[in-house]
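target-v1.cif (mmCIF, C-alpha atoms and all ligand atoms)
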data_coords
loop_
_atom_site.label_atom_id
_atom_site.label_comp_id
_atom_site.auth_asym_id
_atom_site.auth_seq_id
_atom_site.Cartn_x
_atom_site.Cartn_y
_atom_site.Cartn_z
CA MET Z 1040 0.00 0.00 0.00
CA GLN Z 1041 1.36 3.42 -0.93
CA VAL Z 1042 1.02 6.27 1.58
CA ARG Z 1043 1.32 9.99 0.92
CA GLN Z 1044 1.24 12.44 3.82
CA LEU Z 1045 -0.39 15.81 3.03
CA PHE Z 1046 -0.37 18.94 5.21
CA ASP Z 1047 -2.75 21.87 5.75
CA PRO Z 1048 -0.66 24.74 7.17
CA GLU Z 1049 -3.70 26.68 8.41
CA SER Z 1050 -4.81 24.01 10.90
CA SER Z 1051 -1.56 21.98 11.06
CA SER Z 1052 -3.63 18.99 9.96
CA TYR Z 1053 -2.34 15.94 8.16
CA SER Z 1054 -4.34 14.05 5.57
CA TYR Z 1055 -3.17 10.73 4.17
CA LEU Z 1056 -3.71 9.37 0.70
CA LEU Z 1057 -3.43 5.57 0.58
CA TRP Z 1058 -3.54 3.52 -2.57
CA ASP Z 1059 -2.96 0.06 -3.96
CA ALA Z 1060 -0.21 0.40 -6.57
CA ASP Z 1061 -1.66 -2.41 -8.71
CA THR Z 1062 -5.36 -1.62 -8.75
CA LEU Z 1063 -4.99 2.17 -8.17
CA ASP Z 1064 -7.87 2.14 -5.67
CA ALA Z 1065 -7.39 4.95 -3.14
CA ALA Z 1066 -8.63 6.19 0.23
CA LEU Z 1067 -8.08 9.61 1.77
CA ILE Z 1068 -7.93 9.89 5.57
CA ASP Z 1069 -9.05 13.21 7.12
CA PRO Z 1070 -9.35 15.39 4.01
CA VAL Z 1071 -9.40 19.16 4.63
CA ARG Z 1072 -11.95 21.21 2.69
CA ASN Z 1073 -9.53 24.04 1.87
CA MET Z 1074 -7.07 21.56 0.38
CA VAL Z 1075 -9.47 19.54 -1.77
CA GLY Z 1076 -8.18 21.06 -5.03
CA ARG Z 1077 -4.65 19.88 -4.22
CA ASP Z 1078 -5.90 16.43 -3.29
CA ILE Z 1079 -7.98 15.99 -6.45
CA GLN Z 1080 -5.00 17.02 -8.57
CA LEU Z 1081 -2.76 14.47 -6.83
CA ILE Z 1082 -5.36 11.72 -7.21
CA ARG Z 1083 -5.69 12.48 -10.93
CA GLU Z 1084 -1.92 12.70 -11.48
CA HIS Z 1085 -1.49 9.19 -10.09
CA GLY Z 1086 -4.46 7.88 -12.07
CA LEU Z 1087 -6.21 6.77 -8.87
CA THR Z 1088 -9.86 6.03 -8.20
CA LEU Z 1089 -10.87 7.54 -4.86
CA ARG Z 1090 -13.09 4.92 -3.22
CA TYR Z 1091 -13.34 6.33 0.30
CA THR Z 1092 -12.80 9.28 2.55
CA LEU Z 1093 -12.17 8.14 6.13
CA GLU Z 1094 -12.50 10.37 9.18
CA THR Z 1095 -10.52 9.58 12.32
CA HIS Z 1096 -13.19 11.63 14.18
CA ILE Z 1097 -15.44 14.69 13.85
CA HIS Z 1098 -12.90 17.51 13.81
CA ALA Z 1099 -13.27 20.77 15.74
CA ASP Z 1100 -10.43 22.75 14.20
CA HIS Z 1101 -10.93 22.46 10.45
CA ILE Z 1102 -13.66 21.53 8.01
CA THR Z 1103 -13.60 18.17 6.28
CA GLY Z 1104 -13.43 17.86 2.51
CA SER Z 1105 -15.37 14.57 2.53
CA GLY Z 1106 -18.66 15.94 1.18
CA ILE Z 1107 -17.03 17.87 -1.67
CA LEU Z 1108 -14.90 14.87 -2.61
CA ARG Z 1109 -17.98 12.64 -2.61
CA SER Z 1110 -19.59 14.93 -5.17
CA ALA Z 1111 -16.43 15.42 -7.23
CA MET Z 1112 -15.02 11.88 -7.23
CA ASP Z 1113 -17.96 9.64 -6.30
CA SER Z 1114 -16.16 8.47 -3.15
CA ILE Z 1115 -18.08 7.35 -0.08
CA VAL Z 1116 -17.76 8.80 3.43
CA LEU Z 1117 -16.89 6.48 6.34
CA VAL Z 1118 -17.04 7.63 9.98
CA HIS Z 1119 -17.36 5.83 13.33
CA GLU Z 1120 -20.88 4.90 14.38
CA ASN Z 1121 -20.75 7.22 17.43
CA CYS Z 1122 -20.36 10.33 15.25
CA ARG Z 1123 -24.02 11.56 15.41
CA ALA Z 1124 -23.85 12.67 11.77
CA LYS Z 1125 -26.46 11.85 9.14
CA CYS Z 1126 -24.24 12.46 6.12
CA PRO Z 1127 -21.84 9.44 6.15
CA ASP Z 1128 -22.47 6.55 3.78
CA VAL Z 1129 -20.98 3.92 6.10
CA LEU Z 1130 -20.79 3.87 9.90
CA LEU Z 1131 -17.71 2.01 11.11
CA LYS Z 1132 -17.11 0.03 14.27
CA ASP Z 1133 -14.14 -1.57 15.98
CA GLY Z 1134 -12.74 -4.52 14.04
CA ASP Z 1135 -14.14 -3.54 10.66
CA LEU Z 1136 -11.92 -4.26 7.67
CA ILE Z 1137 -12.19 -1.84 4.76
CA PRO Z 1138 -11.09 -3.46 1.47
CA LEU Z 1139 -8.79 -1.31 -0.65
CA GLY Z 1140 -7.53 -2.94 -3.85
CA LYS Z 1141 -5.82 -6.16 -2.77
CA GLY Z 1142 -5.30 -4.90 0.79
CA LYS Z 1143 -7.41 -4.02 3.79
CA ILE Z 1144 -7.59 -1.13 6.24
CA ASN Z 1145 -8.25 -2.21 9.82
CA VAL Z 1146 -10.48 -0.08 12.08
CA ILE Z 1147 -9.63 0.27 15.79
CA HIS Z 1148 -11.99 2.27 18.02
CA THR Z 1149 -9.70 4.48 20.11
CA PRO Z 1150 -12.01 6.91 21.99
CA GLY Z 1151 -11.01 9.46 24.60
CA HIS Z 1152 -10.27 12.62 22.61
CA THR Z 1153 -13.88 12.27 21.44
CA ASP Z 1154 -16.13 9.22 21.65
CA CYS Z 1155 -15.97 8.59 17.90
CA ASP Z 1156 -12.20 8.41 17.39
CA ILE Z 1157 -10.90 5.58 15.30
CA SER Z 1158 -7.40 4.66 14.27
CA PHE Z 1159 -6.71 2.93 10.98
CA THR Z 1160 -3.94 0.39 10.46
CA ILE Z 1161 -2.34 -1.19 7.44
CA PRO Z 1162 0.70 -3.49 7.76
CA GLY Z 1163 3.45 -1.57 9.57
CA VAL Z 1164 1.55 1.72 9.80
CA ALA Z 1165 -1.03 3.24 12.20
CA PHE Z 1166 -3.00 6.39 11.46
CA THR Z 1167 -3.78 7.51 14.98
CA GLY Z 1168 -5.88 10.65 14.48
CA ASP Z 1169 -5.84 12.85 17.58
CA THR Z 1170 -5.74 9.85 19.93
CA LEU Z 1171 -1.95 9.59 19.78
CA LEU Z 1172 0.10 12.56 18.58
CA ILE Z 1173 3.88 12.74 18.36
CA ARG Z 1174 5.03 13.12 22.01
CA SER Z 1175 1.49 14.16 22.96
CA CYS Z 1176 -2.21 13.29 22.59
CA GLY Z 1177 -5.48 15.01 21.76
CA ARG Z 1178 -7.29 17.06 24.40
CA THR Z 1179 -10.14 15.39 26.26
CA ASP Z 1180 -12.27 18.31 27.45
CA TYR Z 1181 -15.04 18.47 24.82
CA GLN Z 1182 -16.93 16.31 22.27
CA TYR Z 1183 -17.57 13.60 24.89
CA GLY Z 1184 -13.83 13.34 25.59
CA ASP Z 1185 -12.60 11.38 28.61
CA ALA Z 1186 -8.98 11.28 29.77
CA GLY Z 1187 -9.19 7.83 31.37
CA ILE Z 1188 -10.70 6.36 28.24
CA LEU Z 1189 -7.99 7.95 26.09
CA PHE Z 1190 -5.34 6.44 28.37
CA ASP Z 1191 -6.95 3.02 27.92
CA SER Z 1192 -7.15 3.45 24.12
CA VAL Z 1193 -3.47 4.30 23.83
CA THR Z 1194 -1.98 1.91 26.36
CA GLY Z 1195 -4.47 -0.92 25.79
CA ARG Z 1196 -4.80 -0.76 22.00
CA LEU Z 1197 -2.22 1.37 20.16
CA PHE Z 1198 0.73 0.47 22.39
CA LYS Z 1199 -0.05 -3.21 21.77
CA LEU Z 1200 0.97 -2.76 18.11
CA PRO Z 1201 4.56 -3.77 17.24
CA ASP Z 1202 7.14 -1.20 18.35
CA ASP Z 1203 8.31 -0.55 14.80
CA THR Z 1204 4.80 0.41 13.62
CA MET Z 1205 4.93 3.86 12.07
CA VAL Z 1206 2.65 6.42 13.74
CA TYR Z 1207 1.02 8.94 11.43
CA PRO Z 1208 -1.03 11.44 13.50
CA ALA Z 1209 -3.78 13.89 12.47
CA HIS Z 1210 -1.74 16.93 13.54
CA ASP Z 1211 1.67 18.15 14.45
CA TYR Z 1212 2.42 21.69 15.54
CA SER Z 1213 6.21 21.37 15.67
CA GLY Z 1214 7.16 20.30 12.16
CA ARG Z 1215 7.39 16.57 12.87
CA SER Z 1216 5.87 14.18 10.38
CA PHE Z 1217 5.74 10.72 11.94
CA SER Z 1218 6.93 8.58 14.83
CA THR Z 1219 6.80 4.93 15.86
CA ILE Z 1220 4.91 3.08 18.58
CA GLY Z 1221 8.21 2.19 20.30
CA GLU Z 1222 9.34 5.82 20.26
CA GLU Z 1223 6.06 7.03 21.77
CA LYS Z 1224 6.13 4.35 24.47
CA GLN Z 1225 9.54 5.65 25.42
CA HIS Z 1226 9.27 9.41 24.93
CA ASN Z 1227 5.63 10.55 24.83
CA SER Z 1228 5.39 13.33 27.40
CA ARG Z 1229 1.96 12.22 28.64
CA LEU Z 1230 1.76 8.53 27.88
CA ALA Z 1231 5.24 7.01 28.01
CA SER Z 1232 5.68 3.79 29.96
CA GLY Z 1233 5.51 4.45 33.69
CA MET Z 1234 2.70 7.01 33.48
CA THR Z 1235 -0.24 5.96 35.65
CA ARG Z 1236 -3.87 6.34 34.61
CA GLU Z 1237 -4.56 8.56 37.63
CA ARG Z 1238 -1.62 10.88 36.91
CA PHE Z 1239 -2.59 11.11 33.24
CA ILE Z 1240 -6.19 12.05 34.13
CA SER Z 1241 -4.91 14.72 36.48
CA ILE Z 1242 -2.58 16.16 33.78
CA MET Z 1243 -5.34 16.24 31.16
CA ASN Z 1244 -7.95 17.72 33.50
CA GLY Z 1245 -5.51 20.47 34.48
CA LEU Z 1246 -4.65 21.67 30.96
CA GLN Z 1247 -7.19 24.54 30.80
CA LEU Z 1248 -6.82 25.00 27.04
CA GLU Z 1249 -8.72 27.61 25.07
CA LEU Z 1250 -11.33 26.28 22.67
CA PRO Z 1251 -10.27 26.09 19.01
CA ARG Z 1252 -11.22 29.28 17.17
CA SER Z 1253 -13.45 27.52 14.67
CA ILE Z 1254 -15.10 24.93 16.95
CA HIS Z 1255 -18.63 26.36 16.80
CA ASP Z 1256 -18.60 26.42 13.01
CA ALA Z 1257 -16.48 23.34 12.37
CA ILE Z 1258 -18.35 20.69 14.38
CA PRO Z 1259 -21.85 21.34 12.98
CA CYS Z 1260 -20.40 21.66 9.48
CA ASN Z 1261 -18.41 18.44 9.85
CA LEU Z 1262 -21.58 16.65 10.99
CA ARG Z 1263 -22.79 17.53 7.46
CA CYS Z 1264 -19.55 16.19 5.88
CA GLY Z 1265 -18.23 19.75 5.54
CA LEU Z 1266 -21.17 20.97 3.48
CA ALA Z 1267 -23.51 23.89 4.02
CA ASP Z 1268 -27.18 22.99 4.68
CA SER Z 1269 -28.09 23.93 1.12
CA ASP Z 1270 -25.28 21.80 -0.35
CA GLU Z 1271 -26.32 18.73 1.62
CA ALA Z 1272 -29.85 18.75 0.25
CA VAL Z 1273 -28.45 18.51 -3.26
CA THR Z 1274 -25.48 16.20 -2.85
CA SER Z 1275 -25.95 13.77 0.03
CA HIS Z 1276 -26.89 10.19 -0.71
FE FE Z 1301 -9.56 16.55 17.03
#

Show how you would write the structure in this file as structure tokens.
Amino acid sequence: MQVRQLFDPESSSYSYLLWDADTLDAALIDPVRNMVGRDIQLIREHGLTLRYTLETHIHADHITGSGILRSAMDSIVLVHENCRAKCPDVLLKDGDLIPLGKGKINVIHTPGHTDCDISFTIPGVAFTGDTLLIRSCGRTDYQYGDAGILFDSVTGRLFKLPDDTMVYPAHDYSGRSFSTIGEEKQHNSRLASGMTRERFISIMNGLQLELPRSIHDAIPCNLRCGLADSDEAVTSH
């Protein structure tokens, strides 16, 4: 499976284009609406057929490109079943396998940042959304977040993957592009081995972060796959 990491500088978000080099079937994880033109161009340049857009969760800091891509490329939108959105075509759950060409994308429910977070794995690679960031993790103070549950998702699910698994997160704010499970077990500032669940909960509950600037626009819009009300009536299916 080929993987291409793509960056949105405005929200420091990563999207990931995955494709089977033989069949040219593709999936795009966490597309950003402002970057859809770039993504469509890349998909066309490689001669790919975009089958799916996959959301690691309902984002609060940028607007998804999934609805526009569905209209433009006939892809389908896949989101976890807890997402409370009406627009997705497929609701995913833990253990689902999404076929892509000759390969499969594995779905792992990793809640805690929100209750609808999922991580996706292909052999040797984990796309961890905001559940596990490089040396950090997503906040747990809105969208049904829960610090204890995030701790369990990371230590009980993601840290059970082989140490050499590459970690591709949904964001990085310091110019880093990827990590590995072994590296995060050793060096993650909040979740490295030795951190207790109680201490982690206390750290997360004490963060007192400001809300993302666009949260009140982004969440309702992302529950419509990034479309305005008027767009959805025309394009959703
Ligand atoms: Fe997030």

Practice problem: List every protein, DNA or RNA residue that has at least one atom no more than 9 Å from (-4.9, 8.7, -2.6) in the file's coordinates, counting only C-alpha atoms, and write the result as an MDAnalysis selection string. | Solution: chainID Z and resid 1041:1043 1055:1059 1063:1068 1078:1079 1081:1082 1085 1087:1089

Quiz item: If you count all atoms listed in the file, which residues fall within 12 Å of Pro1208 (chain Z), apart from same-chain ones fewer than 4 positions away, as a VMD selection string?
Solution: chain Z and resid 1044 to 1046 1051 to 1055 1068 to 1069 1095 1157 to 1160 1164 to 1177 1212 1215 to 1220 1223

May I have the residues from that selection written out with C-alpha atoms, as a tab-separated table (two decimals), in the coordinates of the input?
chain	number	residue	atom	x	y	z
Z	1044	GLN	CA	1.24	12.44	3.82
Z	1045	LEU	CA	-0.39	15.81	3.03
Z	1046	PHE	CA	-0.37	18.94	5.21
Z	1051	SER	CA	-1.56	21.98	11.06
Z	1052	SER	CA	-3.63	18.99	9.96
Z	1053	TYR	CA	-2.34	15.94	8.16
Z	1054	SER	CA	-4.34	14.05	5.57
Z	1055	TYR	CA	-3.17	10.73	4.17
Z	1068	ILE	CA	-7.93	9.89	5.57
Z	1069	ASP	CA	-9.05	13.21	7.12
Z	1095	THR	CA	-10.52	9.58	12.32
Z	1157	ILE	CA	-10.90	5.58	15.30
Z	1158	SER	CA	-7.40	4.66	14.27
Z	1159	PHE	CA	-6.71	2.93	10.98
Z	1160	THR	CA	-3.94	0.39	10.46
Z	1164	VAL	CA	1.55	1.72	9.80
Z	1165	ALA	CA	-1.03	3.24	12.20
Z	1166	PHE	CA	-3.00	6.39	11.46
Z	1167	THR	CA	-3.78	7.51	14.98
Z	1168	GLY	CA	-5.88	10.65	14.48
Z	1169	ASP	CA	-5.84	12.85	17.58
Z	1170	THR	CA	-5.74	9.85	19.93
Z	1171	LEU	CA	-1.95	9.59	19.78
Z	1172	LEU	CA	0.10	12.56	18.58
Z	1173	ILE	CA	3.88	12.74	18.36
Z	1174	ARG	CA	5.03	13.12	22.01
Z	1175	SER	CA	1.49	14.16	22.96
Z	1176	CYS	CA	-2.21	13.29	22.59
Z	1177	GLY	CA	-5.48	15.01	21.76
Z	1212	TYR	CA	2.42	21.69	15.54
Z	1215	ARG	CA	7.39	16.57	12.87
Z	1216	SER	CA	5.87	14.18	10.38
Z	1217	PHE	CA	5.74	10.72	11.94
Z	1218	SER	CA	6.93	8.58	14.83
Z	1219	THR	CA	6.80	4.93	15.86
Z	1220	ILE	CA	4.91	3.08	18.58
Z	1223	GLU	CA	6.06	7.03	21.77

Residues of chain Z at most 9 Å from ligand FE 1301 (chain Z): nearest atom pair and distance in Å, only C-alpha atoms and all ligand atoms, as JSON lines:
{"residue": "Z:Thr1095", "atom": "CA", "partner": "Z:FE1301", "partner_atom": "FE", "distance": 8.5}
{"residue": "Z:His1096", "atom": "CA", "partner": "Z:FE1301", "partner_atom": "FE", "distance": 6.7}
{"residue": "Z:Ile1097", "atom": "CA", "partner": "Z:FE1301", "partner_atom": "FE", "distance": 6.9}
{"residue": "Z:His1098", "atom": "CA", "partner": "Z:FE1301", "partner_atom": "FE", "distance": 4.7}
{"residue": "Z:Ala1099", "atom": "CA", "partner": "Z:FE1301", "partner_atom": "FE", "distance": 5.8}
{"residue": "Z:Asp1100", "atom": "CA", "partner": "Z:FE1301", "partner_atom": "FE", "distance": 6.9}
{"residue": "Z:His1101", "atom": "CA", "partner": "Z:FE1301", "partner_atom": "FE", "distance": 8.9}
{"residue": "Z:His1152", "atom": "CA", "partner": "Z:FE1301", "partner_atom": "FE", "distance": 6.9}
{"residue": "Z:Thr1153", "atom": "CA", "partner": "Z:FE1301", "partner_atom": "FE", "distance": 7.5}
{"residue": "Z:Asp1156", "atom": "CA", "partner": "Z:FE1301", "partner_atom": "FE", "distance": 8.6}
{"residue": "Z:Gly1168", "atom": "CA", "partner": "Z:FE1301", "partner_atom": "FE", "distance": 7.4}
{"residue": "Z:Asp1169", "atom": "CA", "partner": "Z:FE1301", "partner_atom": "FE", "distance": 5.3}
{"residue": "Z:Thr1170", "atom": "CA", "partner": "Z:FE1301", "partner_atom": "FE", "distance": 8.2}
{"residue": "Z:Gly1177", "atom": "CA", "partner": "Z:FE1301", "partner_atom": "FE", "distance": 6.4}
{"residue": "Z:Arg1178", "atom": "CA", "partner": "Z:FE1301", "partner_atom": "FE", "distance": 7.7}
{"residue": "Z:Ala1209", "atom": "CA", "partner": "Z:FE1301", "partner_atom": "FE", "distance": 7.8}
{"residue": "Z:His1210", "atom": "CA", "partner": "Z:FE1301", "partner_atom": "FE", "distance": 8.6}

Exercise. Within 12 Å of Gln1080 (chain Z), counting only C-alpha atoms, which residues show up once you throw out same-chain ones fewer than 4 positions away? Write them as a VMD selection string, please.
Key: chain Z and resid 1074 to 1076 1084 to 1087 1089 1108 1111 to 1112

Quiz item: Any idea what the distance is between CA of Leu1117 (chain Z) and CA of Leu1262 (chain Z)?
Solution: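 One can read the CA of Leu1117 (chain Z) to CA of Leu1262 (chain Z) distance as 12.1 Å.
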
Practice problem: Name the closest residue to Ile1240 (chain Z) among the candidates Z:Pro1259, Z:Val1116, Z:Thr1194, Z:Thr1179; distances are taken between atoms, counting all atoms listed in the file. | Solution: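 Closest residue, counting all atoms listed in the file: Z:Thr1179.
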
Exercise. Considering all atoms listed in the file, state which residue in the set Z:Leu1189, Z:Leu1139, Z:Ile1102, Z:Thr1062 is at the smallest distance from Leu1266 (chain Z).
Key: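 Using all atoms listed in the file, the shortest distance to Leu1266 (chain Z) belongs to Z:Ile1102.
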
Quiz item: What gap, in Å, lies between CA of Ile1254 (chain Z) and CA of Leu1197 (chain Z)?
Solution: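 Taking CA of Ile1254 (chain Z) and CA of Leu1197 (chain Z), their separation equals 27.0 Å.
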
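Atom pair CA of Pro1150 (chain Z) / CA of Ser1192 (chain Z) has a distance of 6.3 Å (rounded to one decimal).
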